[in-house]
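K.L.:
The structure file target_28.txt (compact mmCIF, C-alpha atoms (C1' of nucleotides)) is provided below.
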```
# COMPACT_ATOMS: atom_id res chain seq x y z
CA MET A 1 91.95 77.67 186.20
CA SER A 2 91.41 79.16 182.79
CA ASN A 3 93.89 81.12 180.81
CA LEU A 4 91.63 84.15 181.04
CA GLU A 5 91.52 83.94 184.80
CA ASP A 6 95.31 83.85 184.92
CA ILE A 7 95.54 87.10 183.04
CA LEU A 8 93.01 88.80 185.26
CA LEU A 9 94.63 87.69 188.50
CA THR A 10 98.13 88.81 187.53
CA SER A 11 96.77 92.31 187.03
CA PRO A 12 97.49 94.39 190.14
CA LYS A 13 94.13 96.12 190.09
CA ALA A 14 92.01 93.00 189.77
CA THR A 15 90.10 92.24 192.95
CA TYR A 16 88.62 88.95 193.96
CA LYS A 17 85.25 89.01 195.75
CA SER A 18 82.55 86.71 197.08
CA TYR A 19 78.85 87.54 197.18
CA GLN A 20 75.65 86.05 198.50
CA LYS A 21 72.54 85.33 196.50
CA GLY A 22 70.61 88.56 196.09
CA ASP A 23 73.61 90.87 196.51
CA LEU A 24 73.81 93.84 194.16
CA ILE A 25 77.33 94.24 192.77
CA GLN A 26 76.42 97.28 190.72
CA ARG A 27 73.52 99.74 190.69
CA ALA A 28 72.15 102.10 188.05
CA GLY A 29 73.79 105.47 188.56
CA ASP A 30 77.12 104.05 189.75
CA LEU A 31 80.18 105.79 188.33
CA ASN A 32 83.37 104.15 187.12
CA THR A 33 81.97 100.66 187.00
CA VAL A 34 84.19 97.80 185.88
CA PRO A 35 83.69 94.51 184.09
CA ILE A 36 83.09 91.46 186.27
CA TYR A 37 84.41 88.00 185.53
CA VAL A 38 82.30 85.19 187.00
CA LYS A 39 84.52 82.49 188.48
CA GLN A 40 81.69 80.69 190.23
CA GLY A 41 77.95 81.25 190.47
CA LEU A 42 75.45 83.16 188.34
CA LEU A 43 74.83 86.86 187.82
CA ARG A 44 72.33 88.91 185.86
CA SER A 45 72.33 92.50 184.64
CA TYR A 46 69.11 94.41 184.18
CA LEU A 47 67.58 97.78 183.44
CA ILE A 48 64.69 99.42 185.26
CA ASP A 49 62.72 101.46 182.75
CA SER A 50 60.77 104.68 183.20
CA LYS A 51 57.68 102.73 184.24
CA GLY A 52 59.60 100.84 186.91
CA LYS A 53 59.71 97.61 184.94
CA GLU A 54 62.76 95.35 184.92
CA HIS A 55 64.36 94.17 181.67
CA ILE A 56 67.12 91.60 181.94
CA TYR A 57 69.98 92.37 179.59
CA MET A 58 72.01 89.23 180.19
CA PHE A 59 72.82 86.28 182.41
CA ALA A 60 76.42 85.45 183.28
CA PRO A 61 77.21 81.93 184.50
CA GLU A 62 80.75 80.66 185.19
CA GLY A 63 83.39 81.93 182.79
CA TRP A 64 81.38 84.87 181.52
CA ILE A 65 82.04 88.57 181.81
CA ILE A 66 79.28 90.96 182.73
CA GLY A 67 78.98 94.72 183.21
CA ASP A 68 77.60 97.89 181.65
CA ILE A 69 79.93 98.23 178.69
CA GLU A 70 78.05 101.17 177.24
CA ALA A 71 78.51 103.10 180.48
CA MET A 72 82.19 102.21 180.70
CA GLU A 73 83.00 103.12 177.10
CA TYR A 74 81.14 106.38 177.07
CA HIS A 75 81.99 107.34 180.65
CA GLN A 76 78.40 107.57 181.74
CA PRO A 77 76.80 106.45 184.99
CA ALA A 78 75.67 102.85 184.78
CA ALA A 79 72.20 102.14 183.41
CA LEU A 80 72.30 98.51 184.49
CA TYR A 81 72.10 96.74 187.83
CA VAL A 82 74.22 93.62 188.35
CA GLU A 83 72.85 91.12 190.83
CA CYS A 84 73.83 87.69 192.08
CA LEU A 85 71.27 84.99 191.37
CA GLU A 86 73.40 82.49 193.29
CA ALA A 87 76.23 82.77 195.79
CA SER A 88 79.09 83.81 193.51
CA GLU A 89 82.82 84.36 193.34
CA VAL A 90 83.89 87.03 190.91
CA ILE A 91 86.88 89.05 189.76
CA LEU A 92 86.47 92.77 189.21
CA PHE A 93 89.03 93.96 186.65
CA GLU A 94 89.94 96.77 184.29
CA LYS A 95 88.82 96.40 180.73
CA ASP A 96 92.22 97.38 179.31
CA CYS A 97 94.01 94.55 181.03
CA LEU A 98 92.74 92.09 178.42
CA PHE A 99 94.76 93.94 175.79
CA LYS A 100 97.83 95.21 177.62
CA ALA A 101 101.17 95.08 175.84
CA SER A 102 102.67 92.46 178.11
CA LEU A 103 100.34 89.82 176.70
CA SER A 104 101.41 87.55 173.88
CA LYS A 105 100.14 88.05 170.36
CA ASP A 106 98.07 84.91 170.63
CA GLN A 107 96.54 86.06 173.86
CA ILE A 108 95.59 89.40 172.36
CA LEU A 109 93.87 87.67 169.47
CA GLU A 110 92.09 85.35 171.87
CA ASN A 111 90.77 88.23 173.92
CA LYS A 112 89.74 90.02 170.77
CA GLN A 113 87.77 86.93 169.85
CA LEU A 114 86.02 87.20 173.20
CA LEU A 115 84.67 90.61 172.18
CA LEU A 116 83.77 89.54 168.67
CA ARG A 117 81.82 86.56 169.92
CA ARG A 118 79.98 88.81 172.29
CA ILE A 119 79.09 91.03 169.35
CA GLY A 120 77.99 87.94 167.47
CA ARG A 121 75.63 86.90 170.24
CA LEU A 122 74.23 90.42 170.47
CA GLN A 123 73.68 90.43 166.73
CA ARG A 124 71.61 87.28 167.06
CA ARG A 125 69.70 88.75 169.96
CA VAL A 126 68.85 91.93 168.06
CA LEU A 127 67.64 89.98 165.05
CA MET A 128 65.56 87.74 167.29
CA LEU A 129 63.95 90.65 169.09
CA MET A 130 63.06 92.28 165.78
CA GLY A 131 61.87 89.41 163.68
CA THR A 132 60.94 86.46 165.82
CA PRO A 133 57.66 85.75 167.65
CA ALA A 134 57.80 85.05 171.37
CA ILE A 135 57.44 81.29 171.09
CA ASP A 136 60.40 80.96 168.72
CA ARG A 137 62.54 83.15 170.95
CA TYR A 138 61.86 80.85 173.86
CA GLN A 139 62.65 77.73 171.85
CA TYR A 140 65.94 79.26 170.77
CA PHE A 141 66.74 80.23 174.33
CA ILE A 142 66.34 76.77 175.83
CA LYS A 143 68.34 75.27 172.96
CA THR A 144 71.16 77.80 173.30
CA TYR A 145 71.34 77.98 177.09
CA PRO A 146 70.08 74.54 178.18
CA GLU A 147 71.38 74.88 181.74
CA LEU A 148 69.87 78.27 182.50
CA PRO A 149 66.19 77.23 182.75
CA ASN A 150 67.19 75.07 185.72
CA ARG A 151 69.02 77.88 187.45
CA VAL A 152 66.87 80.97 186.94
CA PRO A 153 63.16 81.48 187.68
CA GLN A 154 60.92 81.59 184.63
CA HIS A 155 59.78 85.14 185.07
CA MET A 156 63.41 86.17 184.61
CA ILE A 157 63.67 84.20 181.41
CA ALA A 158 60.57 86.02 180.25
CA SER A 159 62.22 89.31 181.12
CA PHE A 160 65.33 88.31 179.17
CA LEU A 161 63.21 87.38 176.16
CA GLY A 162 61.35 90.65 176.32
CA ILE A 163 57.92 89.17 177.07
CA ALA A 164 55.54 89.21 180.05
CA PRO A 165 55.85 86.31 182.51
CA GLN A 166 52.24 85.30 181.87
CA THR A 167 52.94 85.14 178.15
CA LEU A 168 55.84 82.76 178.74
CA SER A 169 53.63 80.62 180.93
CA THR A 170 51.03 80.40 178.17
CA ILE A 171 53.67 79.63 175.57
CA ARG A 172 55.04 76.81 177.69
CA SER A 173 51.66 75.19 178.09
CA GLN A 174 51.15 75.44 174.33
CA ILE A 175 54.46 73.68 173.73
CA ALA A 176 53.56 71.03 176.30
CA ARG A 177 50.23 70.30 174.57
CA ASN A 178 51.38 70.28 170.96
CA GLY A 179 55.04 69.30 171.10
CA MET B 1 92.73 109.65 155.79
CA SER B 2 92.02 108.15 159.16
CA ASN B 3 94.41 106.16 161.27
CA LEU B 4 92.15 103.15 160.89
CA GLU B 5 92.22 103.37 157.12
CA ASP B 6 96.01 103.45 157.19
CA ILE B 7 96.14 100.19 159.06
CA LEU B 8 93.70 98.50 156.73
CA LEU B 9 95.48 99.60 153.58
CA THR B 10 98.92 98.48 154.72
CA SER B 11 97.52 94.99 155.16
CA PRO B 12 98.40 92.89 152.08
CA LYS B 13 95.00 91.20 151.96
CA ALA B 14 92.90 94.31 152.18
CA THR B 15 91.13 95.10 148.92
CA TYR B 16 89.71 98.39 147.85
CA LYS B 17 86.44 98.36 145.89
CA SER B 18 83.82 100.68 144.42
CA TYR B 19 80.13 99.87 144.16
CA GLN B 20 77.00 101.37 142.69
CA LYS B 21 73.80 102.11 144.53
CA GLY B 22 71.83 98.89 144.86
CA ASP B 23 74.82 96.56 144.57
CA LEU B 24 74.91 93.60 146.94
CA ILE B 25 78.36 93.17 148.48
CA GLN B 26 77.35 90.13 150.48
CA ARG B 27 74.43 87.68 150.38
CA ALA B 28 72.93 85.34 152.95
CA GLY B 29 74.57 81.96 152.51
CA ASP B 30 77.95 83.35 151.48
CA LEU B 31 80.94 81.59 153.04
CA ASN B 32 84.08 83.20 154.41
CA THR B 33 82.71 86.71 154.44
CA VAL B 34 84.87 89.56 155.68
CA PRO B 35 84.29 92.85 157.45
CA ILE B 36 83.83 95.90 155.26
CA TYR B 37 85.13 99.36 156.07
CA VAL B 38 83.11 102.18 154.50
CA LYS B 39 85.41 104.88 153.12
CA GLN B 40 82.68 106.70 151.24
CA GLY B 41 78.95 106.14 150.83
CA LEU B 42 76.35 104.25 152.83
CA LEU B 43 75.67 100.54 153.33
CA ARG B 44 73.08 98.51 155.15
CA SER B 45 73.00 94.92 156.36
CA TYR B 46 69.74 93.03 156.68
CA LEU B 47 68.18 89.66 157.34
CA ILE B 48 65.36 88.05 155.38
CA ASP B 49 63.26 86.02 157.80
CA SER B 50 61.32 82.80 157.26
CA LYS B 51 58.29 84.76 156.04
CA GLY B 52 60.34 86.65 153.47
CA LYS B 53 60.38 89.87 155.45
CA GLU B 54 63.44 92.13 155.65
CA HIS B 55 64.88 93.29 158.96
CA ILE B 56 67.67 95.85 158.83
CA TYR B 57 70.41 95.05 161.31
CA MET B 58 72.48 98.19 160.81
CA PHE B 59 73.41 101.13 158.63
CA ALA B 60 77.06 101.95 157.94
CA PRO B 61 77.93 105.46 156.76
CA GLU B 62 81.50 106.71 156.24
CA GLY B 63 84.02 105.43 158.77
CA TRP B 64 81.92 102.49 159.94
CA ILE B 65 82.59 98.79 159.67
CA ILE B 66 79.85 96.40 158.60
CA GLY B 67 79.57 92.66 158.11
CA ASP B 68 78.11 89.49 159.59
CA ILE B 69 80.29 89.12 162.67
CA GLU B 70 78.33 86.19 164.03
CA ALA B 71 78.93 84.26 160.80
CA MET B 72 82.62 85.14 160.78
CA GLU B 73 83.24 84.20 164.40
CA TYR B 74 81.37 80.95 164.34
CA HIS B 75 82.40 80.02 160.77
CA GLN B 76 78.85 79.81 159.52
CA PRO B 77 77.41 80.95 156.21
CA ALA B 78 76.29 84.55 156.38
CA ALA B 79 72.76 85.29 157.57
CA LEU B 80 72.93 88.91 156.51
CA TYR B 81 72.89 90.69 153.18
CA VAL B 82 75.05 93.79 152.75
CA GLU B 83 73.81 96.30 150.21
CA CYS B 84 74.87 99.74 149.03
CA LEU B 85 72.28 102.45 149.60
CA GLU B 86 74.52 104.95 147.80
CA ALA B 87 77.47 104.64 145.43
CA SER B 88 80.21 103.59 147.84
CA GLU B 89 83.93 103.01 148.19
CA VAL B 90 84.86 100.33 150.67
CA ILE B 91 87.80 98.31 151.95
CA LEU B 92 87.34 94.59 152.49
CA PHE B 93 89.77 93.37 155.16
CA GLU B 94 90.56 90.55 157.56
CA LYS B 95 89.28 90.92 161.07
CA ASP B 96 92.59 89.89 162.63
CA CYS B 97 94.48 92.74 161.00
CA LEU B 98 93.10 95.19 163.56
CA PHE B 99 94.97 93.32 166.28
CA LYS B 100 98.12 92.04 164.62
CA ALA B 101 101.38 92.15 166.57
CA SER B 102 103.01 94.77 164.35
CA LEU B 103 100.62 97.41 165.65
CA SER B 104 101.56 99.67 168.53
CA LYS B 105 100.13 99.17 171.98
CA ASP B 106 98.08 102.33 171.61
CA GLN B 107 96.72 101.19 168.30
CA ILE B 108 95.66 97.85 169.76
CA LEU B 109 93.82 99.60 172.56
CA GLU B 110 92.18 101.93 170.08
CA ASN B 111 90.93 99.07 167.96
CA LYS B 112 89.76 97.27 171.07
CA GLN B 113 87.75 100.38 171.88
CA LEU B 114 86.16 100.11 168.45
CA LEU B 115 84.76 96.72 169.41
CA LEU B 116 83.69 97.79 172.88
CA ARG B 117 81.80 100.78 171.53
CA ARG B 118 80.07 98.53 169.08
CA ILE B 119 79.04 96.32 171.97
CA GLY B 120 77.85 99.42 173.80
CA ARG B 121 75.63 100.45 170.92
CA LEU B 122 74.25 96.94 170.62
CA GLN B 123 73.52 96.94 174.34
CA ARG B 124 71.48 100.08 173.91
CA ARG B 125 69.72 98.63 170.90
CA VAL B 126 68.75 95.45 172.77
CA LEU B 127 67.40 97.40 175.72
CA MET B 128 65.44 99.65 173.38
CA LEU B 129 63.90 96.74 171.50
CA MET B 130 62.87 95.10 174.76
CA GLY B 131 61.55 97.95 176.80
CA THR B 132 60.76 100.95 174.67
CA PRO B 133 57.58 101.71 172.71
CA ALA B 134 57.89 102.43 168.99
CA ILE B 135 57.57 106.19 169.30
CA ASP B 136 60.43 106.49 171.79
CA ARG B 137 62.64 104.28 169.63
CA TYR B 138 62.11 106.60 166.72
CA GLN B 139 62.84 109.71 168.77
CA TYR B 140 66.06 108.12 169.99
CA PHE B 141 67.02 107.16 166.46
CA ILE B 142 66.72 110.63 164.97
CA LYS B 143 68.59 112.10 167.93
CA THR B 144 71.41 109.56 167.69
CA TYR B 145 71.75 109.41 163.91
CA PRO B 146 70.57 112.86 162.79
CA GLU B 147 72.06 112.53 159.30
CA LEU B 148 70.53 109.16 158.45
CA PRO B 149 66.89 110.22 158.03
CA ASN B 150 68.03 112.39 155.12
CA ARG B 151 69.91 109.57 153.45
CA VAL B 152 67.71 106.50 153.85
CA PRO B 153 64.03 106.02 152.95
CA GLN B 154 61.67 105.92 155.89
CA HIS B 155 60.52 102.37 155.40
CA MET B 156 64.13 101.31 156.02
CA ILE B 157 64.25 103.29 159.24
CA ALA B 158 61.09 101.46 160.26
CA SER B 159 62.74 98.16 159.44
CA PHE B 160 65.77 99.14 161.54
CA LEU B 161 63.52 100.06 164.45
CA GLY B 162 61.63 96.80 164.18
CA ILE B 163 58.25 98.33 163.30
CA ALA B 164 56.02 98.34 160.21
CA PRO B 165 56.48 101.25 157.77
CA GLN B 166 52.84 102.26 158.26
CA THR B 167 53.38 102.43 162.00
CA LEU B 168 56.32 104.78 161.56
CA SER B 169 54.24 106.95 159.28
CA THR B 170 51.53 107.18 161.93
CA ILE B 171 54.06 107.91 164.65
CA ARG B 172 55.56 110.73 162.60
CA SER B 173 52.21 112.40 162.07
CA GLN B 174 51.53 112.11 165.82
CA ILE B 175 54.82 113.84 166.58
CA ALA B 176 54.08 116.53 163.99
CA ARG B 177 50.68 117.25 165.58
CA ASN B 178 51.67 117.22 169.23
CA GLY B 179 55.34 118.21 169.26
C1' DC C 1 50.26 76.35 210.24
C1' DG C 2 50.70 81.13 207.84
C1' DT C 3 53.06 83.93 204.57
C1' DG C 4 55.08 85.44 200.37
C1' DG C 5 57.15 84.40 195.99
C1' DA C 6 56.44 81.71 191.80
C1' DG C 7 53.66 79.98 188.31
C1' DT C 8 49.16 79.17 185.90
C1' DT C 9 44.90 80.47 183.76
C1' DG C 10 41.25 83.42 181.91
C1' DA C 11 39.05 87.89 180.49
C1' DA C 12 39.60 92.42 178.88
C1' DT C 13 42.56 95.64 176.74
C1' DA C 14 46.08 97.96 173.88
C1' DC C 15 49.54 98.30 170.66
C1' DG C 16 51.29 97.35 166.49
C1' DA C 17 50.68 94.42 162.13
C1' DT C 18 48.22 93.62 158.14
C1' DC C 19 45.28 94.78 154.38
C1' DA C 20 43.76 98.07 151.26
C1' DA C 21 43.09 102.40 148.92
C1' DC C 22 45.04 106.57 147.62
C1' DA C 23 48.38 110.68 146.87
C1' DC C 24 52.78 112.03 145.39
C1' DC C 25 56.98 112.20 142.87
C1' DG C 26 60.69 111.03 139.44
C1' DG C 27 61.89 108.75 135.60
C1' DT C 28 60.94 106.57 131.09
C1' DG C 29 59.26 106.22 126.77
C1' DG C 30 55.69 107.02 123.33
C1' DC D 1 54.67 117.20 126.22
C1' DC D 2 52.17 113.94 128.34
C1' DA D 3 50.96 109.15 129.77
C1' DC D 4 52.54 105.55 132.31
C1' DC D 5 54.88 103.29 135.85
C1' DG D 6 57.29 101.82 140.15
C1' DG D 7 58.73 103.21 144.44
C1' DT D 8 57.51 105.88 148.49
C1' DG D 9 54.66 107.50 151.96
C1' DT D 10 49.99 108.40 154.11
C1' DT D 11 45.61 107.18 156.14
C1' DG D 12 41.85 104.28 157.81
C1' DA D 13 39.67 99.65 159.03
C1' DT D 14 40.36 95.33 160.73
C1' DC D 15 42.94 91.68 162.88
C1' DG D 16 46.23 89.32 166.01
C1' DT D 17 49.63 88.93 169.38
C1' DA D 18 51.10 90.08 173.66
C1' DT D 19 50.04 93.02 177.85
C1' DT D 20 47.50 93.98 181.76
C1' DC D 21 44.52 92.88 185.49
C1' DA D 22 42.86 89.55 188.42
C1' DA D 23 42.05 85.26 190.83
C1' DC D 24 43.81 81.02 192.10
C1' DT D 25 47.21 77.10 193.14
C1' DC D 26 51.39 75.40 194.68
C1' DC D 27 55.50 75.29 197.39
C1' DA D 28 59.39 76.61 200.20
C1' DC D 29 60.39 78.53 204.33
C1' DG D 30 59.57 80.98 208.50
```
Represent the structure from my file as C-alpha cells, please.

P.N.:
Amino acid sequence: MSNLEDILLTSPKATYKSYQKGDLIQRAGDLNTVPIYVKQGLLRSYLIDSKGKEHIYMFAPEGWIIGDIEAMEYHQPAALYVECLEASEVILFEKDCLFKASLSKDQILENKQLLLRRIGRLQRRVLMLMGTPAIDRYQYFIKTYPELPNRVPQHMIASFLGIAPQTLSTIRSQIARNG
Amino acid sequence: MSNLEDILLTSPKATYKSYQKGDLIQRAGDLNTVPIYVKQGLLRSYLIDSKGKEHIYMFAPEGWIIGDIEAMEYHQPAALYVECLEASEVILFEKDCLFKASLSKDQILENKQLLLRRIGRLQRRVLMLMGTPAIDRYQYFIKTYPELPNRVPQHMIASFLGIAPQTLSTIRSQIARNG
DNA sequence: CGTGGAGTTGAATACGATCAACACCGGTGG
DNA sequence: CCACCGGTGTTGATCGTATTCAACTCCACG
C-alpha cells in the first residue's frame, strides 16, 4: 500500500468504494464533488459539450487521482462526468487532507509535488493541443501511456486527443503503412 | 503588499529583479529555471515549435506566477521562453518555499489552493482547446481576462487561443457585424 | 444465429491555415 | 516637416487537415 493511500485512509472522511464497469461516480451538475483516488481499476472523466459530443479530459489508472478540480476550487457544479472503464476500487477523499497540519514536512512537499506534476502534464497537453498535428499527438500518447491503448477503446483515445475516431483510424493505418 | 509576496521575500534565495519591455527572463534550453512572481508589469511564456512557430502558453499580469513547471518538476531543460511584454518587476523564487515547514497551516492551505486553481484554469483551457470553436474561445477569453486585450497585441491573443492571427481578425469583424 | 458496439474506409464538406496584398500608425532620421 | 520603415491588423483567395456522413466488416455476447 502506498504512502499516499495511507494518508487518505487515516482521514476520517475518506470513504472506500467499489464500482462496476460502466458505473458513473460523478455526473455533470453534481454539487460538492470530491477527488477520487484510484486504488484499482481505470476511470475516465469527460465533458459533454453543447452539441452533445463527449470530450475525454483524462484517464486515471491505478494510483491516480481524478475529479473536477475546477468545480471544487471555484465551488461550481461539476462540468465533468467520472466513469469506470473497468471494475474499480476507489477512495473518495477531501482535497485538504493531503495538506493537513498533522502531516510531516516531507509528506507535505511530496503532496505538493503531486500537484505540480499534474500541472506539468497539463502544460504539455495544452502545448500539444495548440501546436501539434493529430498524428504527432497520437505518437506521443502511445509513448507516454503505453499501457492505456490496451485498456481503453480507440474511440476514447481519439476523444482524449481531441480528434474524431475516424481520423485516428486513418492515422493508425498511415503509421502501419509507412512506419 | 500581498501575503504571498511577504513569504517570497522572507526567503533567503528569493531575488528581486527589474526588466525592460522585450527582455527575455528565461529561454528554451535553460537549466534549473525557477518560478517567477510578477509584482508589477506583464509577462508571457511561449513555446517555439519544430516549424519555428510561437505558441503562447500563458500571460502573467500582476500577482501571477509564471515559469516552466514541467521542466522544473521533471528536471528537464526549459521548453518555454519567458518574456516581458511591459517593463516589469518580478521575484524569482524556489518552488519549495511556498510549502516550507515554517509556514502556518493556513498559509500552506492557501498556497495549495494557488496550485489547485492553476490546475482548474488549465482544465478549462484543455477542454476549450478540444471542444470549442475559435469564436467561442475568443469570447471566453475576453470575458475571463477583460484587461488583457488592452495590454497585449491581438496576434498574441490569437497565439494564446491556438488560432492564426488572421483568423482572430476575421472572428472579430464577425462579432462586430452580428453582435 | 442475430444484434449492437467497435473499427475501417471513402466521399463530400467545413473550418481554419497559409499566402498575399494593403491600410494604418508610431517612431526615426534625413 | 516629411519620407521611410517595421510592426500591427485587415481582407480576400486558395489550400490542407480534420470533420461529417455513410456504408461496410468484424467480433463479442446474448

K.L.:
Report, in Å with one decimal, the straight-line distance from C1' of DA11 in chain C to CA of Ile163 in chain A.

P.N.:
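It comes out at 19.2 Å.
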
K.L.:
Within 10 Å of chain D, which residues of chain A show up when using all atoms listed in the file, listed as a PyMOL selection string?

P.N.:
chain A and resi 133-134+163-164+166-167

K.L.:
Under the rule of at most 9 Å, produce a per-residue listing of chain A near chain B: chain, number, name, the closest pair of atoms, and the distance in Å, as a tab-separated table, using all atoms listed in the file.

P.N.:
```
residue	atom	partner	partner_atom	distance
A:Leu47	CA	B:Leu127	CA	7.7
A:Asp49	CA	B:Gly131	CA	7.0
A:Lys53	CA	B:Gly131	CA	8.4
A:Glu54	CA	B:Gly131	CA	8.6
A:His55	CA	B:Gly131	CA	6.8
A:Ile56	CA	B:Leu127	CA	8.5
A:Tyr57	CA	B:Leu127	CA	6.9
A:Asp68	CA	B:Gly120	CA	8.0
A:Ile69	CA	B:Gly120	CA	5.4
A:Glu70	CA	B:Gly120	CA	3.9
A:Ala71	CA	B:Gly120	CA	7.7
A:Met72	CA	B:Gly120	CA	8.6
A:Glu73	CA	B:Arg117	CA	6.2
A:Tyr74	CA	B:Arg117	CA	7.9
A:Asp96	CA	B:Leu109	CA	7.3
A:Phe99	CA	B:Leu109	CA	6.6
A:Lys100	CA	B:Lys105	CA	7.3
A:Ala101	CA	B:Lys105	CA	5.7
A:Ser104	CA	B:Ala101	CA	8.6
A:Lys105	CA	B:Ala101	CA	5.7
A:Asp106	CA	B:Ala101	CA	8.9
A:Ile108	CA	B:Phe99	CA	7.3
A:Leu109	CA	B:Phe99	CA	6.6
A:Lys112	CA	B:Lys112	CA	7.3
A:Gln113	CA	B:Glu73	CA	7.6
A:Leu115	CA	B:Leu115	CA	6.7
A:Leu116	CA	B:Glu73	CA	6.9
A:Arg117	CA	B:Glu73	CA	6.2
A:Arg118	CA	B:Ile119	CA	7.6
A:Ile119	CA	B:Ile119	CA	5.9
A:Gly120	CA	B:Glu70	CA	3.9
A:Arg121	CA	B:Glu70	CA	6.8
A:Leu122	CA	B:Leu122	CA	6.5
A:Gln123	CA	B:Glu70	CA	6.8
A:Arg124	CA	B:Glu70	CA	7.5
A:Arg125	CA	B:Val126	CA	7.3
A:Val126	CA	B:Val126	CA	5.9
A:Leu127	CA	B:Tyr57	CA	6.9
A:Leu129	CA	B:Leu129	CA	6.5
A:Met130	CA	B:Gly162	CA	5.0
A:Gly131	CA	B:His55	CA	6.8
A:Thr132	CA	B:Asp49	CA	8.4
A:Ser159	CA	B:Met130	CA	8.6
A:Phe160	CA	B:Met130	CA	8.5
A:Leu161	CA	B:Met130	CA	7.9
A:Gly162	CA	B:Met130	CA	5.0
A:Ile163	CA	B:Met130	CA	8.1
```

K.L.:
Specify as a ChimeraX atom specification all residues of chain C found within 10 Å of chain B, counting all atoms listed in the file.

P.N.:
/C:15-18

K.L.:
Save out the residues we just selected, C-alpha atoms (C1' of nucleotides), as a PDB file, keeping the file's coordinate frame.

P.N.:
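Saved file result.pdb follows:
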```
ATOM      1  C1'  DC C  15      49.540  98.300 170.660  1.00  0.00           C
ATOM      2  C1'  DG C  16      51.290  97.350 166.490  1.00  0.00           C
ATOM      3  C1'  DA C  17      50.680  94.420 162.130  1.00  0.00           C
ATOM      4  C1'  DT C  18      48.220  93.620 158.140  1.00  0.00           C
TER       5       DT C  18
END
```

K.L.:
State, in Å with one decimal place, the distance from CA of Tyr37 in chain A to CA of Cys84 in chain A.

P.N.:
12.4 Å

K.L.:
To one decimal in Å, tell me the separation between CA of Leu148 in chain A and C1' of DA6 in chain C.

P.N.:
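So the answer is 16.7 Å.
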
K.L.:
Neighbours of Ser88 in chain B within 10 Å (all atoms listed in the file; same-chain residues fewer than 6 positions away dropped), as an MDAnalysis selection string?

P.N.:
chainID B and resid 17:21 23 38:43 61:62

K.L.:
Show me, as a PyMOL selection string, the residues that have an atom within 8 Å of Ile25 in chain B when counting only C-alpha atoms (C1' of nucleotides), minus same-chain residues fewer than 6 positions from it.

P.N.:
chain B and resi 81-84
